[in-house]
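What follows is a single structure, written as structure tokens, with notes after it.
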There are 2 protein chains.
Amino acid sequence: MIWFEDIEIGRKTELGSYTFTADEIKRFARQFDPQPFHLDEEAAKQSHFGGLAASGWHTASVFMKLQSRRINEIGSDVRKSGPSPGYKNLRWLKPVLAGDTLTYSTEITSKRALATRPQWGIVFLQVRAVNQRDEPVFEFESSVLFARRETQKA
Amino acid sequence: MIWFEDIEIGRKTELGSYTFTADEIKRFARQFDPQPFHLDEEAAKQSHFGGLAASGWHTASVFMKLQSRRINEIGSDVRKSGPSPGYKNLRWLKPVLAGDTLTYSTEITSKRALATRPQWGIVFLQVRAVNQRDEPVFEFESSVLFARRETQKA
């Protein structure tokens, strides 16, 4: 597992790519965001998106899909896995249309130990997704708690 | 449909309630956030959540489920439905555990016409969810574009 002390400021990680098919866009929309421009090609053409577009929460959830795959690959100890204090400045910069392939990445922007909770440190990350034309389409500032090796018992 | 001019500052809307069953929590997690504390009761007990907990993106997506249901009830014109410039300060304040029922609400906090795009105005909302003990569990600041009646053709 990765401890707070192991996190390097400035480190960039590419999480992989994901293609948003029309079927997947509609499947998510039926569950969580059943608006016409996420469900129906013809209605979507008349909307500001100009075509069948993924729900913004779908774009965000796919980040988590790729990020959690990576966490599982690295291996983490469920007893030392910290929550997120919150996310800032989520922006959907361009529509994600059916057939688009997004590539997601993270960059560590800063970190600090928590004075009040010495077993944890907080790490800040910039999350980004670009489409197949390398255009930025989605971004937000993430934060997550990591266990501190030096203040934990084995 | 609701135009920018119709939006009242301070207006609160209750969007309804949703119970997060263990099955639904695991179903979302398998698709988008397959970490042990979202998938497995025993692993979750050992985690900081203390029990099977919904993915934060699941909690957020259910907001959209309730909000889009409301949008569909009111009726909206897909040609005049605006995108969101972004969301700020998403915070998951307490875990959402299997069996919890969340009640979601919105409050209009401000609005302004856009000088550069006279057919649109921007509306800011505070989104909140409380659990069955009335404890705040999730919140964020939303913004969304609404078409302006007075600058649009029929």
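Please note that chains go A, B, ... in the order of the structure tokens, that every chain numbers its residues from 1, and that ligands are numbered from 1 in the order shown.
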Contact table chain B vs chain A, cut-off 10 Å, shortest pair per residue, only C-alpha atoms, as a tab-separated table:
residue	atom	partner	partner_atom	distance
B:Phe28	CA	A:Ser61	CA	9.5
B:Ala29	CA	A:Lys65	CA	8.6
B:Arg30	CA	A:Lys65	CA	8.8
B:Gln31	CA	A:Lys65	CA	7.1
B:Phe32	CA	A:Lys65	CA	4.3
B:Asp33	CA	A:Lys65	CA	5.2
B:Pro34	CA	A:Ser68	CA	6.3
B:Gln35	CA	A:Ser68	CA	6.4
B:Pro36	CA	A:Val78	CA	7.0
B:Phe37	CA	A:Val78	CA	7.3
B:Ala43	CA	A:Val78	CA	6.9
B:Ala44	CA	A:Val78	CA	7.7
B:Lys45	CA	A:Arg79	CA	9.1
B:Gln46	CA	A:Arg79	CA	5.6
B:Ser47	CA	A:Arg79	CA	4.7
B:His48	CA	A:Arg79	CA	6.7
B:Phe49	CA	A:Pro83	CA	8.3
B:Gly50	CA	A:Arg79	CA	9.9
B:Ser55	CA	A:Met64	CA	9.3
B:Gly56	CA	A:Ser84	CA	9.0
B:Trp57	CA	A:Ser61	CA	6.1
B:His58	CA	A:Ser61	CA	8.2
B:Ala60	CA	A:Trp57	CA	7.6
B:Ser61	CA	A:Phe32	CA	5.7
B:Val62	CA	A:Phe32	CA	6.2
B:Phe63	CA	A:Phe32	CA	8.2
B:Met64	CA	A:Asp33	CA	5.7
B:Lys65	CA	A:Phe32	CA	4.3
B:Leu66	CA	A:Phe32	CA	8.1
B:Gln67	CA	A:Asp33	CA	8.2
B:Ser68	CA	A:Asp33	CA	5.8
B:Arg69	CA	A:Pro34	CA	7.4
B:Ile71	CA	A:Gln35	CA	8.2
B:Asn72	CA	A:Gln35	CA	7.3
B:Ser76	CA	A:Gln35	CA	9.4
B:Asp77	CA	A:Ser47	CA	8.8
B:Val78	CA	A:Ser47	CA	5.3
B:Arg79	CA	A:Ser47	CA	4.7
B:Lys80	CA	A:Ser47	CA	7.3
B:Ser81	CA	A:Ser47	CA	7.1
B:Gly82	CA	A:His48	CA	6.9
B:Pro83	CA	A:His48	CA	7.5
B:Ser84	CA	A:Trp92	CA	7.5
B:Pro85	CA	A:Arg91	CA	6.4
B:Gly86	CA	A:Arg91	CA	4.3
B:Tyr87	CA	A:Leu90	CA	5.0
B:Lys88	CA	A:Asn89	CA	4.6
B:Asn89	CA	A:Lys88	CA	4.6
B:Leu90	CA	A:Tyr87	CA	5.0
B:Arg91	CA	A:Gly86	CA	4.3
B:Trp92	CA	A:Gly86	CA	6.3
B:Leu93	CA	A:Pro85	CA	7.8
B:Lys94	CA	A:Pro83	CA	9.9
B:Pro95	CA	A:Pro83	CA	9.3
B:Phe138	CA	A:Gly86	CA	9.7
B:Glu139	CA	A:Gly86	CA	9.6
B:Phe140	CA	A:Lys88	CA	9.1
B:Glu141	CA	A:Asn89	CA	9.5
B:Ser142	CA	A:Leu90	CA	9.7
_Within 12 Å of B:Thr103 using only C-alpha atoms, minus same-chain residues under 2 positions, as a ChimeraX atom specification_ = /B:13-20,59,62-63,66-67,96,100-101,105-106,127-139
_Rounded to one decimal, what separation in Å do you get between atom CA of A:Thr151 and atom CA of A:Thr109?_
23.0 Å
*How would you write, as a ChimeraX atom specification, the set of residues in stretch 29-140 of chain B that DSSP gives as strand (DSSP E or B)?*
/B:53,81,87-92,97,101-113,120-130,136-140
Using the selection just defined, write its residues with N, CA and C atoms as a CSV table (one decimal), in the first residue's frame.
chain,number,residue,atom,x,y,z
B,53,ALA,N,-20.8,1.0,2.8
B,53,ALA,CA,-21.1,2.5,2.5
B,53,ALA,C,-21.2,2.7,1.1
B,81,SER,N,-32.6,24.2,-22.7
B,81,SER,CA,-32.1,23.6,-21.4
B,81,SER,C,-30.6,23.8,-21.5
B,87,TYR,N,-19.6,22.7,-10.7
B,87,TYR,CA,-20.0,22.6,-9.3
B,87,TYR,C,-18.9,22.8,-8.4
B,88,LYS,N,-19.2,23.3,-7.2
B,88,LYS,CA,-18.1,23.7,-6.2
B,88,LYS,C,-18.3,23.0,-4.9
B,89,ASN,N,-17.2,22.7,-4.2
B,89,ASN,CA,-17.3,22.3,-2.8
B,89,ASN,C,-18.2,21.1,-2.5
B,90,LEU,N,-18.0,20.1,-3.2
B,90,LEU,CA,-18.7,18.8,-2.9
B,90,LEU,C,-18.1,18.2,-1.6
B,91,ARG,N,-19.0,18.0,-0.7
B,91,ARG,CA,-18.5,17.4,0.6
B,91,ARG,C,-19.4,16.3,1.0
B,92,TRP,N,-18.7,15.2,1.4
B,92,TRP,CA,-19.4,14.0,2.0
B,92,TRP,C,-19.2,14.1,3.5
B,97,LEU,N,-24.6,4.7,4.8
B,97,LEU,CA,-24.5,3.2,5.1
B,97,LEU,C,-25.8,2.5,4.5
B,101,THR,N,-31.7,6.4,4.6
B,101,THR,CA,-32.6,7.1,3.7
B,101,THR,C,-32.2,8.5,3.6
B,102,LEU,N,-31.8,9.0,2.4
B,102,LEU,CA,-31.4,10.4,2.3
B,102,LEU,C,-32.5,11.2,1.7
B,103,THR,N,-32.7,12.4,2.2
B,103,THR,CA,-33.7,13.4,1.6
B,103,THR,C,-32.8,14.6,1.0
B,104,TYR,N,-33.1,14.8,-0.2
B,104,TYR,CA,-32.3,15.8,-1.0
B,104,TYR,C,-33.1,17.1,-1.1
B,105,SER,N,-32.4,18.2,-1.1
B,105,SER,CA,-33.1,19.5,-1.3
B,105,SER,C,-32.1,20.5,-2.1
B,106,THR,N,-32.8,21.5,-2.6
B,106,THR,CA,-32.0,22.6,-3.3
B,106,THR,C,-32.5,23.9,-2.7
B,107,GLU,N,-31.6,24.9,-2.7
B,107,GLU,CA,-32.0,26.2,-2.4
B,107,GLU,C,-31.3,27.2,-3.3
B,108,ILE,N,-32.1,28.1,-3.9
B,108,ILE,CA,-31.6,29.1,-4.9
B,108,ILE,C,-30.8,30.1,-4.1
B,109,THR,N,-29.5,30.3,-4.3
B,109,THR,CA,-28.8,31.3,-3.5
B,109,THR,C,-28.5,32.6,-4.3
B,110,SER,N,-28.4,32.6,-5.6
B,110,SER,CA,-28.3,33.8,-6.3
B,110,SER,C,-28.4,33.5,-7.8
B,111,LYS,N,-28.6,34.6,-8.6
B,111,LYS,CA,-28.6,34.4,-10.1
B,111,LYS,C,-28.2,35.7,-10.7
B,112,ARG,N,-27.7,35.6,-11.9
B,112,ARG,CA,-27.4,36.8,-12.7
B,112,ARG,C,-27.4,36.6,-14.2
B,113,ALA,N,-27.8,37.6,-14.9
B,113,ALA,CA,-27.8,37.5,-16.4
B,113,ALA,C,-26.3,37.5,-16.9
B,120,TRP,N,-28.8,33.6,-22.1
B,120,TRP,CA,-28.7,32.8,-20.9
B,120,TRP,C,-28.5,33.6,-19.6
B,121,GLY,N,-29.0,33.1,-18.5
B,121,GLY,CA,-28.6,33.6,-17.2
B,121,GLY,C,-28.1,32.4,-16.4
B,122,ILE,N,-27.3,32.7,-15.3
B,122,ILE,CA,-26.7,31.7,-14.5
B,122,ILE,C,-27.4,31.7,-13.1
B,123,VAL,N,-27.7,30.5,-12.6
B,123,VAL,CA,-28.4,30.4,-11.4
B,123,VAL,C,-27.6,29.5,-10.4
B,124,PHE,N,-27.4,29.9,-9.2
B,124,PHE,CA,-26.6,29.2,-8.2
B,124,PHE,C,-27.5,28.6,-7.2
B,125,LEU,N,-27.2,27.3,-6.9
B,125,LEU,CA,-28.0,26.5,-5.9
B,125,LEU,C,-27.2,25.9,-4.9
B,126,GLN,N,-27.6,25.8,-3.7
B,126,GLN,CA,-27.0,24.9,-2.6
B,126,GLN,C,-27.8,23.6,-2.6
B,127,VAL,N,-27.1,22.5,-2.8
B,127,VAL,CA,-27.7,21.2,-2.8
B,127,VAL,C,-27.3,20.6,-1.5
B,128,ARG,N,-28.3,19.9,-0.8
B,128,ARG,CA,-28.0,19.3,0.5
B,128,ARG,C,-28.7,17.9,0.5
B,129,ALA,N,-28.1,17.0,1.2
B,129,ALA,CA,-28.8,15.7,1.6
B,129,ALA,C,-28.6,15.5,3.0
B,130,VAL,N,-29.7,15.1,3.7
B,130,VAL,CA,-29.7,14.7,5.1
B,130,VAL,C,-30.2,13.3,5.2
B,136,PRO,N,-26.7,16.2,8.2
B,136,PRO,CA,-26.2,16.5,6.9
B,136,PRO,C,-25.2,15.5,6.5
B,137,VAL,N,-25.3,14.9,5.3
B,137,VAL,CA,-24.4,13.9,4.8
B,137,VAL,C,-23.7,14.3,3.5
B,138,PHE,N,-24.3,15.2,2.7
B,138,PHE,CA,-23.7,15.5,1.4
B,138,PHE,C,-24.2,16.9,1.0
B,139,GLU,N,-23.3,17.7,0.4
B,139,GLU,CA,-23.7,19.0,0.0
B,139,GLU,C,-22.7,19.5,-1.2
B,140,PHE,N,-23.2,20.3,-2.0
B,140,PHE,CA,-22.4,21.0,-3.0
B,140,PHE,C,-23.1,22.2,-3.5
*asked:* Report as a list of chain:residue names all protein, DNA and RNA residues lying within 8 Å of B:Trp3, evaluated on only C-alpha atoms, omitting residues in the same chain fewer than 2 positions from it.
replied: B:Met1, B:Glu5, B:Asp6, B:Ile7, B:Phe146, B:Ala147, B:Arg148, B:Arg149
_Using DSSP assignments from the backbone, pull out every residue in stretch 25-145 of chain A that falls under helix (DSSP H, G or I) and give it to me as a PyMOL selection string._
chain A and resi 25-32+36-39+41-46+56-74+78-80
Residues from last step as file, C-alpha atoms, as a PDB file, in the first residue's frame:
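Once everything was written out, this is again.pdb:
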ATOM      1  CA  ILE A  25     -24.570   6.712 -21.970  1.00  0.00           C
ATOM      2  CA  LYS A  26     -28.239   5.690 -22.082  1.00  0.00           C
ATOM      3  CA  ARG A  27     -27.800   2.988 -19.433  1.00  0.00           C
ATOM      4  CA  PHE A  28     -26.345   5.465 -16.925  1.00  0.00           C
ATOM      5  CA  ALA A  29     -28.972   8.055 -17.858  1.00  0.00           C
ATOM      6  CA  ARG A  30     -31.868   5.646 -17.324  1.00  0.00           C
ATOM      7  CA  GLN A  31     -30.560   4.966 -13.809  1.00  0.00           C
ATOM      8  CA  PHE A  32     -29.505   8.451 -12.730  1.00  0.00           C
ATOM      9  CA  PRO A  36     -33.712  13.722 -23.256  1.00  0.00           C
ATOM     10  CA  PHE A  37     -30.177  14.725 -24.353  1.00  0.00           C
ATOM     11  CA  HIS A  38     -28.754  11.728 -22.428  1.00  0.00           C
ATOM     12  CA  LEU A  39     -31.357   9.235 -23.699  1.00  0.00           C
ATOM     13  CA  GLU A  41     -30.247  10.892 -30.282  1.00  0.00           C
ATOM     14  CA  GLU A  42     -32.912  13.005 -32.003  1.00  0.00           C
ATOM     15  CA  ALA A  43     -33.743  15.104 -28.925  1.00  0.00           C
ATOM     16  CA  ALA A  44     -30.033  15.495 -28.216  1.00  0.00           C
ATOM     17  CA  LYS A  45     -29.386  16.968 -31.687  1.00  0.00           C
ATOM     18  CA  GLN A  46     -31.745  19.823 -30.849  1.00  0.00           C
ATOM     19  CA  GLY A  56     -21.764  14.808 -16.165  1.00  0.00           C
ATOM     20  CA  TRP A  57     -22.078  12.365 -13.272  1.00  0.00           C
ATOM     21  CA  HIS A  58     -21.319   9.537 -15.686  1.00  0.00           C
ATOM     22  CA  THR A  59     -18.111  11.293 -16.767  1.00  0.00           C
ATOM     23  CA  ALA A  60     -17.227  11.704 -13.083  1.00  0.00           C
ATOM     24  CA  SER A  61     -18.119   8.120 -12.131  1.00  0.00           C
ATOM     25  CA  VAL A  62     -15.862   6.752 -14.867  1.00  0.00           C
ATOM     26  CA  PHE A  63     -12.971   8.635 -13.244  1.00  0.00           C
ATOM     27  CA  MET A  64     -13.736   6.680 -10.065  1.00  0.00           C
ATOM     28  CA  LYS A  65     -13.932   3.433 -12.065  1.00  0.00           C
ATOM     29  CA  LEU A  66     -10.403   3.937 -13.420  1.00  0.00           C
ATOM     30  CA  GLN A  67      -9.036   5.295 -10.134  1.00  0.00           C
ATOM     31  CA  SER A  68     -10.418   2.402  -8.073  1.00  0.00           C
ATOM     32  CA  ARG A  69      -9.026  -0.098 -10.589  1.00  0.00           C
ATOM     33  CA  ARG A  70      -5.635   1.465  -9.998  1.00  0.00           C
ATOM     34  CA  ILE A  71      -6.073   1.418  -6.204  1.00  0.00           C
ATOM     35  CA  ASN A  72      -6.962  -2.269  -6.406  1.00  0.00           C
ATOM     36  CA  GLU A  73      -3.914  -2.986  -8.591  1.00  0.00           C
ATOM     37  CA  ILE A  74      -1.586  -1.272  -6.133  1.00  0.00           C
ATOM     38  CA  VAL A  78      -8.996  -1.328   3.966  1.00  0.00           C
ATOM     39  CA  ARG A  79      -8.188  -0.435   7.591  1.00  0.00           C
ATOM     40  CA  LYS A  80      -5.827   2.335   6.470  1.00  0.00           C
TER      41      LYS A  80
END
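Distance-wise, atom CA of A:Thr116 and atom CA of A:Glu8 end up 22.5 Å apart.
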